[in-house]
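Enquirer: Got a structure for you, run-v4.txt, holding compact mmCIF, N, CA and C atoms.
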# COMPACT_ATOMS: atom_id res chain seq x y z
N MET A 37 -26.33 -11.45 6.79
CA MET A 37 -26.21 -12.03 5.46
C MET A 37 -26.19 -10.92 4.42
N ASN A 38 -25.34 -11.07 3.45
CA ASN A 38 -25.22 -10.12 2.35
C ASN A 38 -26.29 -10.46 1.31
N LEU A 39 -27.33 -9.65 1.23
CA LEU A 39 -28.42 -9.93 0.29
C LEU A 39 -28.00 -9.77 -1.16
N THR A 40 -26.94 -9.00 -1.42
CA THR A 40 -26.45 -8.82 -2.79
C THR A 40 -26.11 -10.15 -3.43
N LYS A 41 -25.61 -11.07 -2.63
CA LYS A 41 -25.17 -12.35 -3.19
C LYS A 41 -26.33 -13.14 -3.80
N LEU A 42 -27.55 -12.84 -3.38
CA LEU A 42 -28.71 -13.56 -3.90
C LEU A 42 -28.97 -13.26 -5.37
N PHE A 43 -28.32 -12.21 -5.90
CA PHE A 43 -28.47 -11.88 -7.31
C PHE A 43 -27.59 -12.75 -8.21
N TYR A 44 -26.72 -13.55 -7.60
CA TYR A 44 -25.80 -14.40 -8.35
C TYR A 44 -26.18 -15.86 -8.17
N SER A 45 -26.05 -16.65 -9.22
CA SER A 45 -26.35 -18.08 -9.10
C SER A 45 -25.31 -18.71 -8.18
N LYS A 46 -25.70 -19.77 -7.49
CA LYS A 46 -24.81 -20.43 -6.54
C LYS A 46 -23.53 -20.95 -7.20
N SER A 47 -23.57 -21.19 -8.50
CA SER A 47 -22.39 -21.73 -9.18
C SER A 47 -21.46 -20.63 -9.71
N SER A 48 -21.89 -19.36 -9.63
CA SER A 48 -21.04 -18.28 -10.15
C SER A 48 -19.86 -18.02 -9.22
N MET A 49 -18.76 -17.55 -9.78
CA MET A 49 -17.57 -17.24 -8.99
C MET A 49 -17.88 -16.18 -7.95
N LYS A 50 -18.59 -15.16 -8.35
CA LYS A 50 -18.90 -14.06 -7.43
C LYS A 50 -19.69 -14.58 -6.23
N ARG A 51 -20.65 -15.43 -6.46
CA ARG A 51 -21.45 -15.99 -5.34
C ARG A 51 -20.57 -16.84 -4.43
N LYS A 52 -19.69 -17.65 -5.01
CA LYS A 52 -18.79 -18.46 -4.20
C LYS A 52 -17.93 -17.57 -3.30
N ILE A 53 -17.40 -16.49 -3.88
CA ILE A 53 -16.55 -15.57 -3.13
C ILE A 53 -17.34 -14.90 -2.00
N LEU A 54 -18.54 -14.46 -2.30
CA LEU A 54 -19.37 -13.82 -1.28
C LEU A 54 -19.74 -14.80 -0.16
N ASP A 55 -20.00 -16.05 -0.52
CA ASP A 55 -20.29 -17.08 0.49
C ASP A 55 -19.05 -17.36 1.35
N ILE A 56 -17.89 -17.43 0.71
CA ILE A 56 -16.64 -17.66 1.45
C ILE A 56 -16.40 -16.49 2.41
N LYS A 57 -16.57 -15.27 1.92
CA LYS A 57 -16.38 -14.08 2.76
C LYS A 57 -17.30 -14.12 3.97
N GLU A 58 -18.54 -14.46 3.75
CA GLU A 58 -19.51 -14.53 4.85
C GLU A 58 -19.09 -15.58 5.89
N ASP A 59 -18.62 -16.71 5.42
CA ASP A 59 -18.18 -17.76 6.34
C ASP A 59 -16.87 -17.39 7.06
N ILE A 60 -15.99 -16.66 6.38
CA ILE A 60 -14.78 -16.17 7.05
C ILE A 60 -15.18 -15.26 8.21
N GLU A 61 -16.13 -14.39 7.98
CA GLU A 61 -16.61 -13.49 9.04
C GLU A 61 -17.11 -14.28 10.24
N LYS A 62 -17.86 -15.34 9.99
CA LYS A 62 -18.38 -16.17 11.09
C LYS A 62 -17.24 -16.82 11.87
N LEU A 63 -16.26 -17.36 11.16
CA LEU A 63 -15.14 -18.02 11.83
C LEU A 63 -14.31 -17.03 12.64
N VAL A 64 -13.98 -15.90 12.05
CA VAL A 64 -13.12 -14.93 12.72
C VAL A 64 -13.83 -14.33 13.93
N SER A 65 -15.13 -14.16 13.84
CA SER A 65 -15.87 -13.55 14.96
C SER A 65 -15.78 -14.37 16.24
N LYS A 66 -15.49 -15.66 16.12
CA LYS A 66 -15.33 -16.50 17.31
C LYS A 66 -14.07 -16.15 18.09
N ASP A 67 -13.03 -15.68 17.39
CA ASP A 67 -11.74 -15.41 18.01
C ASP A 67 -11.38 -13.94 18.09
N CYS A 68 -12.09 -13.10 17.40
CA CYS A 68 -11.76 -11.67 17.35
C CYS A 68 -12.87 -10.88 18.03
N LYS A 69 -12.53 -10.25 19.13
CA LYS A 69 -13.52 -9.49 19.89
C LYS A 69 -13.44 -7.99 19.61
N GLU A 70 -12.66 -7.60 18.61
CA GLU A 70 -12.63 -6.20 18.21
C GLU A 70 -13.26 -6.07 16.83
N LYS A 71 -13.54 -4.84 16.44
CA LYS A 71 -14.14 -4.59 15.13
C LYS A 71 -13.20 -5.12 14.03
N PHE A 72 -13.77 -5.80 13.06
CA PHE A 72 -12.99 -6.29 11.92
C PHE A 72 -13.87 -6.32 10.68
N TRP A 73 -13.24 -6.46 9.54
CA TRP A 73 -13.96 -6.64 8.29
C TRP A 73 -13.11 -7.47 7.35
N ILE A 74 -13.74 -8.01 6.34
CA ILE A 74 -13.06 -8.82 5.33
C ILE A 74 -13.06 -8.03 4.03
N ASP A 75 -11.87 -7.83 3.50
CA ASP A 75 -11.74 -7.17 2.20
C ASP A 75 -11.29 -8.23 1.20
N TRP A 76 -11.77 -8.15 -0.01
CA TRP A 76 -11.35 -9.10 -1.04
C TRP A 76 -11.32 -8.39 -2.38
N TYR A 77 -10.47 -8.90 -3.24
CA TYR A 77 -10.37 -8.37 -4.60
C TYR A 77 -9.57 -9.36 -5.44
N GLY A 78 -9.52 -9.10 -6.73
CA GLY A 78 -8.70 -9.93 -7.60
C GLY A 78 -9.27 -10.06 -8.99
N ALA A 79 -8.43 -10.58 -9.86
CA ALA A 79 -8.81 -10.83 -11.25
C ALA A 79 -9.24 -12.29 -11.39
N TYR A 80 -10.15 -12.70 -10.51
CA TYR A 80 -10.60 -14.09 -10.48
C TYR A 80 -11.34 -14.49 -11.75
N ASP A 81 -11.88 -13.52 -12.48
CA ASP A 81 -12.55 -13.84 -13.76
C ASP A 81 -11.53 -14.25 -14.82
N ILE A 82 -10.33 -13.71 -14.73
CA ILE A 82 -9.26 -14.09 -15.66
C ILE A 82 -8.71 -15.45 -15.27
N ASP A 83 -8.44 -15.60 -13.97
CA ASP A 83 -7.96 -16.88 -13.44
C ASP A 83 -8.33 -16.92 -11.96
N PRO A 84 -9.03 -17.96 -11.52
CA PRO A 84 -9.49 -18.03 -10.12
C PRO A 84 -8.36 -17.95 -9.09
N LYS A 85 -7.11 -18.20 -9.50
CA LYS A 85 -6.01 -18.11 -8.54
C LYS A 85 -5.71 -16.67 -8.15
N HIS A 86 -6.25 -15.71 -8.91
CA HIS A 86 -6.01 -14.29 -8.63
C HIS A 86 -7.09 -13.74 -7.70
N LEU A 87 -7.15 -14.28 -6.50
CA LEU A 87 -8.12 -13.83 -5.49
C LEU A 87 -7.37 -13.58 -4.20
N VAL A 88 -7.73 -12.49 -3.54
CA VAL A 88 -7.09 -12.09 -2.28
C VAL A 88 -8.17 -11.83 -1.25
N PHE A 89 -7.97 -12.37 -0.05
CA PHE A 89 -8.81 -12.04 1.10
C PHE A 89 -7.92 -11.43 2.17
N TRP A 90 -8.31 -10.27 2.67
CA TRP A 90 -7.65 -9.65 3.81
C TRP A 90 -8.62 -9.62 4.98
N ILE A 91 -8.19 -10.13 6.11
CA ILE A 91 -8.96 -10.02 7.34
C ILE A 91 -8.37 -8.82 8.07
N CYS A 92 -9.15 -7.76 8.15
CA CYS A 92 -8.67 -6.47 8.64
C CYS A 92 -9.18 -6.23 10.06
N VAL A 93 -8.24 -6.09 10.99
CA VAL A 93 -8.56 -5.91 12.41
C VAL A 93 -8.03 -4.55 12.86
N GLN A 94 -8.23 -4.25 14.14
CA GLN A 94 -7.82 -2.95 14.66
C GLN A 94 -6.38 -2.92 15.16
N THR A 95 -5.95 -3.97 15.87
CA THR A 95 -4.66 -3.92 16.56
C THR A 95 -3.67 -4.96 16.02
N ASP A 96 -2.39 -4.62 16.17
CA ASP A 96 -1.33 -5.57 15.81
C ASP A 96 -1.40 -6.81 16.69
N LYS A 97 -1.77 -6.63 17.94
CA LYS A 97 -1.88 -7.77 18.86
C LYS A 97 -2.90 -8.79 18.34
N MET A 98 -4.05 -8.30 17.90
CA MET A 98 -5.08 -9.22 17.37
C MET A 98 -4.61 -9.82 16.05
N LYS A 99 -3.98 -9.03 15.21
CA LYS A 99 -3.47 -9.55 13.94
C LYS A 99 -2.53 -10.72 14.19
N LEU A 100 -1.59 -10.55 15.12
CA LEU A 100 -0.63 -11.62 15.42
C LEU A 100 -1.31 -12.83 16.04
N ALA A 101 -2.31 -12.60 16.88
CA ALA A 101 -3.04 -13.72 17.49
C ALA A 101 -3.76 -14.54 16.42
N LEU A 102 -4.40 -13.87 15.48
CA LEU A 102 -5.12 -14.58 14.42
C LEU A 102 -4.15 -15.28 13.47
N LYS A 103 -3.05 -14.60 13.13
CA LYS A 103 -2.07 -15.19 12.21
C LYS A 103 -1.42 -16.45 12.80
N SER A 104 -1.35 -16.51 14.12
CA SER A 104 -0.72 -17.67 14.76
C SER A 104 -1.73 -18.76 15.10
N ASN A 105 -3.00 -18.54 14.78
CA ASN A 105 -4.06 -19.52 15.03
C ASN A 105 -4.18 -20.43 13.80
N PHE A 106 -3.36 -21.48 13.79
CA PHE A 106 -3.29 -22.35 12.61
C PHE A 106 -4.59 -23.12 12.38
N GLU A 107 -5.31 -23.40 13.43
CA GLU A 107 -6.61 -24.06 13.28
C GLU A 107 -7.57 -23.14 12.51
N LEU A 108 -7.60 -21.87 12.88
CA LEU A 108 -8.44 -20.89 12.18
C LEU A 108 -8.03 -20.78 10.72
N ILE A 109 -6.75 -20.69 10.47
CA ILE A 109 -6.26 -20.57 9.08
C ILE A 109 -6.67 -21.79 8.27
N ASN A 110 -6.56 -22.98 8.84
CA ASN A 110 -6.98 -24.19 8.14
C ASN A 110 -8.48 -24.18 7.88
N GLU A 111 -9.26 -23.73 8.86
CA GLU A 111 -10.72 -23.65 8.67
C GLU A 111 -11.06 -22.67 7.55
N ILE A 112 -10.37 -21.55 7.52
CA ILE A 112 -10.62 -20.57 6.45
C ILE A 112 -10.26 -21.18 5.10
N ARG A 113 -9.12 -21.82 5.00
CA ARG A 113 -8.71 -22.46 3.74
C ARG A 113 -9.72 -23.52 3.31
N ASN A 114 -10.27 -24.25 4.28
CA ASN A 114 -11.25 -25.29 3.96
C ASN A 114 -12.55 -24.72 3.40
N LEU A 115 -12.79 -23.44 3.60
CA LEU A 115 -13.97 -22.81 3.02
C LEU A 115 -13.90 -22.81 1.50
N LEU A 116 -12.70 -22.79 0.95
CA LEU A 116 -12.55 -22.86 -0.50
C LEU A 116 -13.07 -24.20 -1.02
N VAL A 117 -12.84 -25.24 -0.26
CA VAL A 117 -13.34 -26.57 -0.62
C VAL A 117 -14.85 -26.61 -0.42
N LYS A 118 -15.29 -26.16 0.76
CA LYS A 118 -16.73 -26.18 1.09
C LYS A 118 -17.57 -25.49 0.01
N HIS A 119 -17.07 -24.38 -0.50
CA HIS A 119 -17.84 -23.61 -1.49
C HIS A 119 -17.43 -23.92 -2.93
N ASN A 120 -16.72 -25.03 -3.09
CA ASN A 120 -16.38 -25.54 -4.42
C ASN A 120 -15.63 -24.51 -5.28
N TYR A 121 -14.70 -23.79 -4.63
CA TYR A 121 -13.84 -22.90 -5.40
C TYR A 121 -12.94 -23.79 -6.27
N PRO A 122 -12.62 -23.37 -7.49
CA PRO A 122 -11.86 -24.24 -8.40
C PRO A 122 -10.62 -24.84 -7.74
N GLU A 123 -10.55 -26.15 -7.78
CA GLU A 123 -9.50 -26.89 -7.08
C GLU A 123 -8.10 -26.46 -7.47
N GLN A 124 -7.86 -26.24 -8.77
CA GLN A 124 -6.51 -25.89 -9.22
C GLN A 124 -6.07 -24.52 -8.71
N ALA A 125 -6.99 -23.70 -8.22
CA ALA A 125 -6.66 -22.34 -7.77
C ALA A 125 -6.57 -22.21 -6.25
N ARG A 126 -7.06 -23.18 -5.53
CA ARG A 126 -7.20 -23.04 -4.07
C ARG A 126 -5.90 -22.69 -3.36
N GLN A 127 -4.81 -23.33 -3.72
CA GLN A 127 -3.54 -23.07 -3.03
C GLN A 127 -2.98 -21.69 -3.36
N SER A 128 -3.42 -21.10 -4.46
CA SER A 128 -2.91 -19.79 -4.87
C SER A 128 -3.71 -18.63 -4.30
N VAL A 129 -4.90 -18.90 -3.78
CA VAL A 129 -5.70 -17.82 -3.20
C VAL A 129 -4.95 -17.28 -1.99
N PHE A 130 -4.74 -15.96 -1.99
CA PHE A 130 -3.99 -15.30 -0.92
C PHE A 130 -4.94 -14.91 0.20
N ILE A 131 -4.62 -15.34 1.42
CA ILE A 131 -5.42 -15.01 2.60
C ILE A 131 -4.45 -14.55 3.67
N ASP A 132 -4.70 -13.34 4.21
CA ASP A 132 -3.81 -12.82 5.24
C ASP A 132 -4.57 -11.86 6.15
N PHE A 133 -3.85 -11.36 7.14
CA PHE A 133 -4.41 -10.49 8.16
C PHE A 133 -3.65 -9.16 8.15
N GLU A 134 -4.36 -8.07 8.41
CA GLU A 134 -3.71 -6.77 8.56
C GLU A 134 -4.46 -5.96 9.61
N SER A 135 -3.75 -5.00 10.21
CA SER A 135 -4.37 -4.20 11.27
C SER A 135 -4.37 -2.72 10.92
N GLN A 136 -5.34 -2.03 11.48
CA GLN A 136 -5.41 -0.59 11.34
C GLN A 136 -4.16 0.05 11.93
N GLU A 137 -3.67 -0.53 13.02
CA GLU A 137 -2.46 -0.03 13.66
C GLU A 137 -1.27 0.00 12.67
N THR A 138 -1.08 -1.09 11.95
CA THR A 138 0.01 -1.16 10.97
C THR A 138 -0.23 -0.19 9.82
N VAL A 139 -1.44 -0.12 9.34
CA VAL A 139 -1.77 0.79 8.24
C VAL A 139 -1.53 2.23 8.67
N ASP A 140 -1.87 2.55 9.92
CA ASP A 140 -1.62 3.91 10.42
C ASP A 140 -0.13 4.21 10.44
N LYS A 141 0.67 3.25 10.90
CA LYS A 141 2.13 3.45 11.01
C LYS A 141 2.81 3.51 9.64
N GLU A 142 2.45 2.59 8.77
CA GLU A 142 3.18 2.43 7.51
C GLU A 142 2.62 3.22 6.34
N SER A 143 1.31 3.54 6.39
CA SER A 143 0.67 4.14 5.21
C SER A 143 -0.23 5.32 5.57
N ASN A 144 0.10 5.99 6.68
CA ASN A 144 -0.68 7.16 7.11
C ASN A 144 -2.17 6.88 7.17
N GLY A 145 -2.54 5.67 7.55
CA GLY A 145 -3.94 5.31 7.72
C GLY A 145 -4.69 4.97 6.45
N SER A 146 -4.02 4.98 5.32
CA SER A 146 -4.70 4.72 4.03
C SER A 146 -4.58 3.25 3.65
N TRP A 147 -5.70 2.56 3.73
CA TRP A 147 -5.72 1.15 3.32
C TRP A 147 -5.41 1.04 1.84
N TYR A 148 -5.90 1.96 1.04
CA TYR A 148 -5.64 1.94 -0.39
C TYR A 148 -4.14 2.00 -0.66
N GLN A 149 -3.45 2.96 -0.05
CA GLN A 149 -2.01 3.08 -0.25
C GLN A 149 -1.28 1.86 0.29
N HIS A 150 -1.75 1.32 1.37
CA HIS A 150 -1.11 0.18 2.02
C HIS A 150 -1.12 -1.06 1.10
N PHE A 151 -2.22 -1.27 0.45
CA PHE A 151 -2.36 -2.47 -0.39
C PHE A 151 -1.88 -2.25 -1.82
N LYS A 152 -1.52 -1.03 -2.15
CA LYS A 152 -1.08 -0.70 -3.50
C LYS A 152 0.28 -1.27 -3.82
Written as structure tokens, that's how I'd like the structure from this file.
Expert:
Amino acid sequence: MNLTKLFYSKSSMKRKILDIKEDIEKLVSKDCKEKFWIDWYGAYDIDPKHLVFWICVQTDKMKLALKSNFELINEIRNLLVKHNYPEQARQSVFIDFESQETVDKESNGSWYQHFK
């Protein structure tokens, strides 16, 4: 559990995002047996639709397996509802998968350059 989130009220956007991230980790861990992490960013304070979640894995094989798991994707999307993320923004929240393998090939291993 991310203890930082306890500094935010349950109704704050930041707390909702941290709760969603934590639940994404739980869901993905059931299907991903390699090291992974969840990265997120966005101008959600300006407009909640400006939120991005990246599920970052090690291999292209795992990335493709997760991307083709429509049940997992639906469960992740349902976390926006579970955590009461603003309804008008839910469909615009970007959620995708990327691998270290792809970042190494396309961006010399730099996640920053890759997402730029």
Enquirer: Just give me the gap between CA of Trp147 (chain A) and CA of Asp75 (chain A) in Å, one decimal is fine.
Expert: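 Result for CA of Trp147 (chain A) versus CA of Asp75 (chain A): 10.3 Å, one decimal.
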Enquirer: Mind pulling up the distance from atom N of Leu116 (chain A) to CA of Ser104 (chain A)?
Expert: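 It comes out at 19.0 Å.
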Enquirer: For a quick check of your reading of the model, name the residues lying within 8 Å of the coordinate (-2.3, -10.2, 13.3), counting only N, CA and C atoms, and write them as number ranges by chain.
Expert: A: 93, 95-104, 132-135
Enquirer: Store the residues picked out above in a file with N, CA and C atoms, as a PDB file, keeping the file's coordinate frame.
Expert:
ATOM      1  N   VAL A  93      -8.240  -6.090  10.990  1.00  0.00           N
ATOM      2  CA  VAL A  93      -8.560  -5.910  12.410  1.00  0.00           C
ATOM      3  C   VAL A  93      -8.030  -4.550  12.860  1.00  0.00           C
ATOM      4  N   THR A  95      -5.950  -3.970  15.870  1.00  0.00           N
ATOM      5  CA  THR A  95      -4.660  -3.920  16.560  1.00  0.00           C
ATOM      6  C   THR A  95      -3.670  -4.960  16.020  1.00  0.00           C
ATOM      7  N   ASP A  96      -2.390  -4.620  16.170  1.00  0.00           N
ATOM      8  CA  ASP A  96      -1.330  -5.570  15.810  1.00  0.00           C
ATOM      9  C   ASP A  96      -1.400  -6.810  16.690  1.00  0.00           C
ATOM     10  N   LYS A  97      -1.770  -6.630  17.940  1.00  0.00           N
ATOM     11  CA  LYS A  97      -1.880  -7.770  18.860  1.00  0.00           C
ATOM     12  C   LYS A  97      -2.900  -8.790  18.340  1.00  0.00           C
ATOM     13  N   MET A  98      -4.050  -8.300  17.900  1.00  0.00           N
ATOM     14  CA  MET A  98      -5.080  -9.220  17.370  1.00  0.00           C
ATOM     15  C   MET A  98      -4.610  -9.820  16.050  1.00  0.00           C
ATOM     16  N   LYS A  99      -3.980  -9.030  15.210  1.00  0.00           N
ATOM     17  CA  LYS A  99      -3.470  -9.550  13.940  1.00  0.00           C
ATOM     18  C   LYS A  99      -2.530 -10.720  14.190  1.00  0.00           C
ATOM     19  N   LEU A 100      -1.590 -10.550  15.120  1.00  0.00           N
ATOM     20  CA  LEU A 100      -0.630 -11.620  15.420  1.00  0.00           C
ATOM     21  C   LEU A 100      -1.310 -12.830  16.040  1.00  0.00           C
ATOM     22  N   ALA A 101      -2.310 -12.600  16.880  1.00  0.00           N
ATOM     23  CA  ALA A 101      -3.040 -13.720  17.490  1.00  0.00           C
ATOM     24  C   ALA A 101      -3.760 -14.540  16.420  1.00  0.00           C
ATOM     25  N   LEU A 102      -4.400 -13.870  15.480  1.00  0.00           N
ATOM     26  CA  LEU A 102      -5.120 -14.580  14.420  1.00  0.00           C
ATOM     27  C   LEU A 102      -4.150 -15.280  13.470  1.00  0.00           C
ATOM     28  N   LYS A 103      -3.050 -14.600  13.130  1.00  0.00           N
ATOM     29  CA  LYS A 103      -2.070 -15.190  12.210  1.00  0.00           C
ATOM     30  C   LYS A 103      -1.420 -16.450  12.800  1.00  0.00           C
ATOM     31  N   SER A 104      -1.350 -16.510  14.120  1.00  0.00           N
ATOM     32  CA  SER A 104      -0.720 -17.670  14.760  1.00  0.00           C
ATOM     33  C   SER A 104      -1.730 -18.760  15.100  1.00  0.00           C
ATOM     34  N   ASP A 132      -4.700 -13.340   4.210  1.00  0.00           N
ATOM     35  CA  ASP A 132      -3.810 -12.820   5.240  1.00  0.00           C
ATOM     36  C   ASP A 132      -4.570 -11.860   6.150  1.00  0.00           C
ATOM     37  N   PHE A 133      -3.850 -11.360   7.140  1.00  0.00           N
ATOM     38  CA  PHE A 133      -4.410 -10.490   8.160  1.00  0.00           C
ATOM     39  C   PHE A 133      -3.650  -9.160   8.150  1.00  0.00           C
ATOM     40  N   GLU A 134      -4.360  -8.070   8.410  1.00  0.00           N
ATOM     41  CA  GLU A 134      -3.710  -6.770   8.560  1.00  0.00           C
ATOM     42  C   GLU A 134      -4.460  -5.960   9.610  1.00  0.00           C
ATOM     43  N   SER A 135      -3.750  -5.000  10.210  1.00  0.00           N
ATOM     44  CA  SER A 135      -4.370  -4.200  11.270  1.00  0.00           C
ATOM     45  C   SER A 135      -4.370  -2.720  10.920  1.00  0.00           C
TER      46      SER A 135
END
Enquirer: Could you work out an axis-aligned bounding box for all listed atoms of region 107-115 of chain A, with 3 Å added on each of the six sides, and give its centre and edge lengths in Å to one decimal, as AutoDock Vina command-line options?
Expert:
--center_x -9.6 --center_y -22.9 --center_z 7.5 --size_x 14.7 --size_y 10.7 --size_z 17.9
Enquirer: Pull the strand (DSSP E) assignments for chain A out of DSSP run on the backbone, and list those residues as a ChimeraX atom specification.
Expert: /A:73-77,88-93,130-135
Enquirer: List as a PyMOL selection string the protein and nucleic acid residues near region 58-62 of chain A, meaning an atom at most 8 Å away when all atoms listed in the file are counted, but skip any in the same chain fewer than 5 places from it.
Expert: chain A and resi 37-38+52-53+67+72-74+111-112+115
Enquirer: So the first atom is CA of Gln127 (chain A) and the second is atom N of Ile109 (chain A); what is the distance between them in Å, to one decimal place?
Expert: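 These two atoms are separated by 14.1 Å.
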Enquirer: List every residue of region 100-152 of chain A that DSSP, applied to the backbone of this structure, assigns to alpha helix (DSSP H), and report them as a PyMOL selection string.
Expert: chain A and resi 100-103+106-118+136-143+147-151
Enquirer: Using all atoms listed in the file, which of A:His86, A:Gln149, A:Ile91, A:Asn110 sits nearest Ser128 (chain A)?
Expert: A:His86
Enquirer: Determine, counting only C-alpha atoms, every residue of protein, DNA or RNA that lies within 8 Å of (-10.7, -3.9, 21.4) in the file coordinates, then give the result as a ChimeraX atom specification.
Expert: /A:69-71,94-95
Enquirer: Could you check which of A:Val129, A:Leu63, A:Leu42, A:Val139 is closest to Trp76 (chain A), using only C-alpha atoms?
Expert: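 Of all the options, A:Val129 lies closest to Trp76 (chain A).
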Enquirer: So that I can see what lies close to Lys85 (chain A), please list as number ranges by chain the residues with an atom at most 8 Å from it, counting only N, CA and C atoms and leaving out residues fewer than 4 positions away in the same chain.
Expert: A: 78-81, 122, 124-130
Enquirer: Which residue gives the smallest distance to Ser48 (chain A) among A:Trp90, A:Pro84, A:Val64, A:Val117, with only C-alpha atoms counted?
Expert: A:Pro84
Enquirer: For Ile131 (chain A), which residue out of A:Lys118, A:Leu87, A:Asn144, A:Arg51 is the nearest one, using only N, CA and C atoms?
Expert: A:Leu87
Enquirer: Can you pull region 72-98 of chain A out of that block with C-alpha atoms and hand it back as a PDB file, in the first residue's frame?
Expert:
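What landed in result00.pdb:
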ATOM      1  CA  PHE A  72       6.170  -4.372 -13.867  1.00  0.00           C
ATOM      2  CA  TRP A  73       5.149  -0.952 -12.634  1.00  0.00           C
ATOM      3  CA  ILE A  74       2.369   1.535 -13.238  1.00  0.00           C
ATOM      4  CA  ASP A  75       3.280   5.010 -14.413  1.00  0.00           C
ATOM      5  CA  TRP A  76       0.711   7.802 -14.499  1.00  0.00           C
ATOM      6  CA  TYR A  77       0.653  11.489 -15.269  1.00  0.00           C
ATOM      7  CA  GLY A  78      -1.572  14.193 -16.658  1.00  0.00           C
ATOM      8  CA  ALA A  79      -3.179  17.573 -16.259  1.00  0.00           C
ATOM      9  CA  TYR A  80      -6.117  16.045 -14.391  1.00  0.00           C
ATOM     10  CA  ASP A  81      -6.416  19.190 -12.231  1.00  0.00           C
ATOM     11  CA  ILE A  82      -7.230  21.183 -15.374  1.00  0.00           C
ATOM     12  CA  ASP A  83      -9.584  18.521 -16.699  1.00  0.00           C
ATOM     13  CA  PRO A  84      -9.961  14.955 -15.351  1.00  0.00           C
ATOM     14  CA  LYS A  85      -9.916  13.595 -18.920  1.00  0.00           C
ATOM     15  CA  HIS A  86      -6.195  14.460 -19.076  1.00  0.00           C
ATOM     16  CA  LEU A  87      -4.996  11.372 -17.208  1.00  0.00           C
ATOM     17  CA  VAL A  88      -2.706   8.652 -18.530  1.00  0.00           C
ATOM     18  CA  PHE A  89      -1.877   5.261 -17.046  1.00  0.00           C
ATOM     19  CA  TRP A  90       0.949   3.167 -18.496  1.00  0.00           C
ATOM     20  CA  ILE A  91       1.369  -0.438 -17.410  1.00  0.00           C
ATOM     21  CA  CYS A  92       5.091  -0.960 -17.943  1.00  0.00           C
ATOM     22  CA  VAL A  93       6.392  -4.520 -18.328  1.00  0.00           C
ATOM     23  CA  GLN A  94       9.698  -6.073 -19.346  1.00  0.00           C
ATOM     24  CA  THR A  95       8.956  -7.941 -22.589  1.00  0.00           C
ATOM     25  CA  ASP A  96       7.000  -7.354 -25.782  1.00  0.00           C
ATOM     26  CA  LYS A  97       5.501 -10.821 -25.348  1.00  0.00           C
ATOM     27  CA  MET A  98       3.963  -9.845 -21.995  1.00  0.00           C
TER      28      MET A  98
END
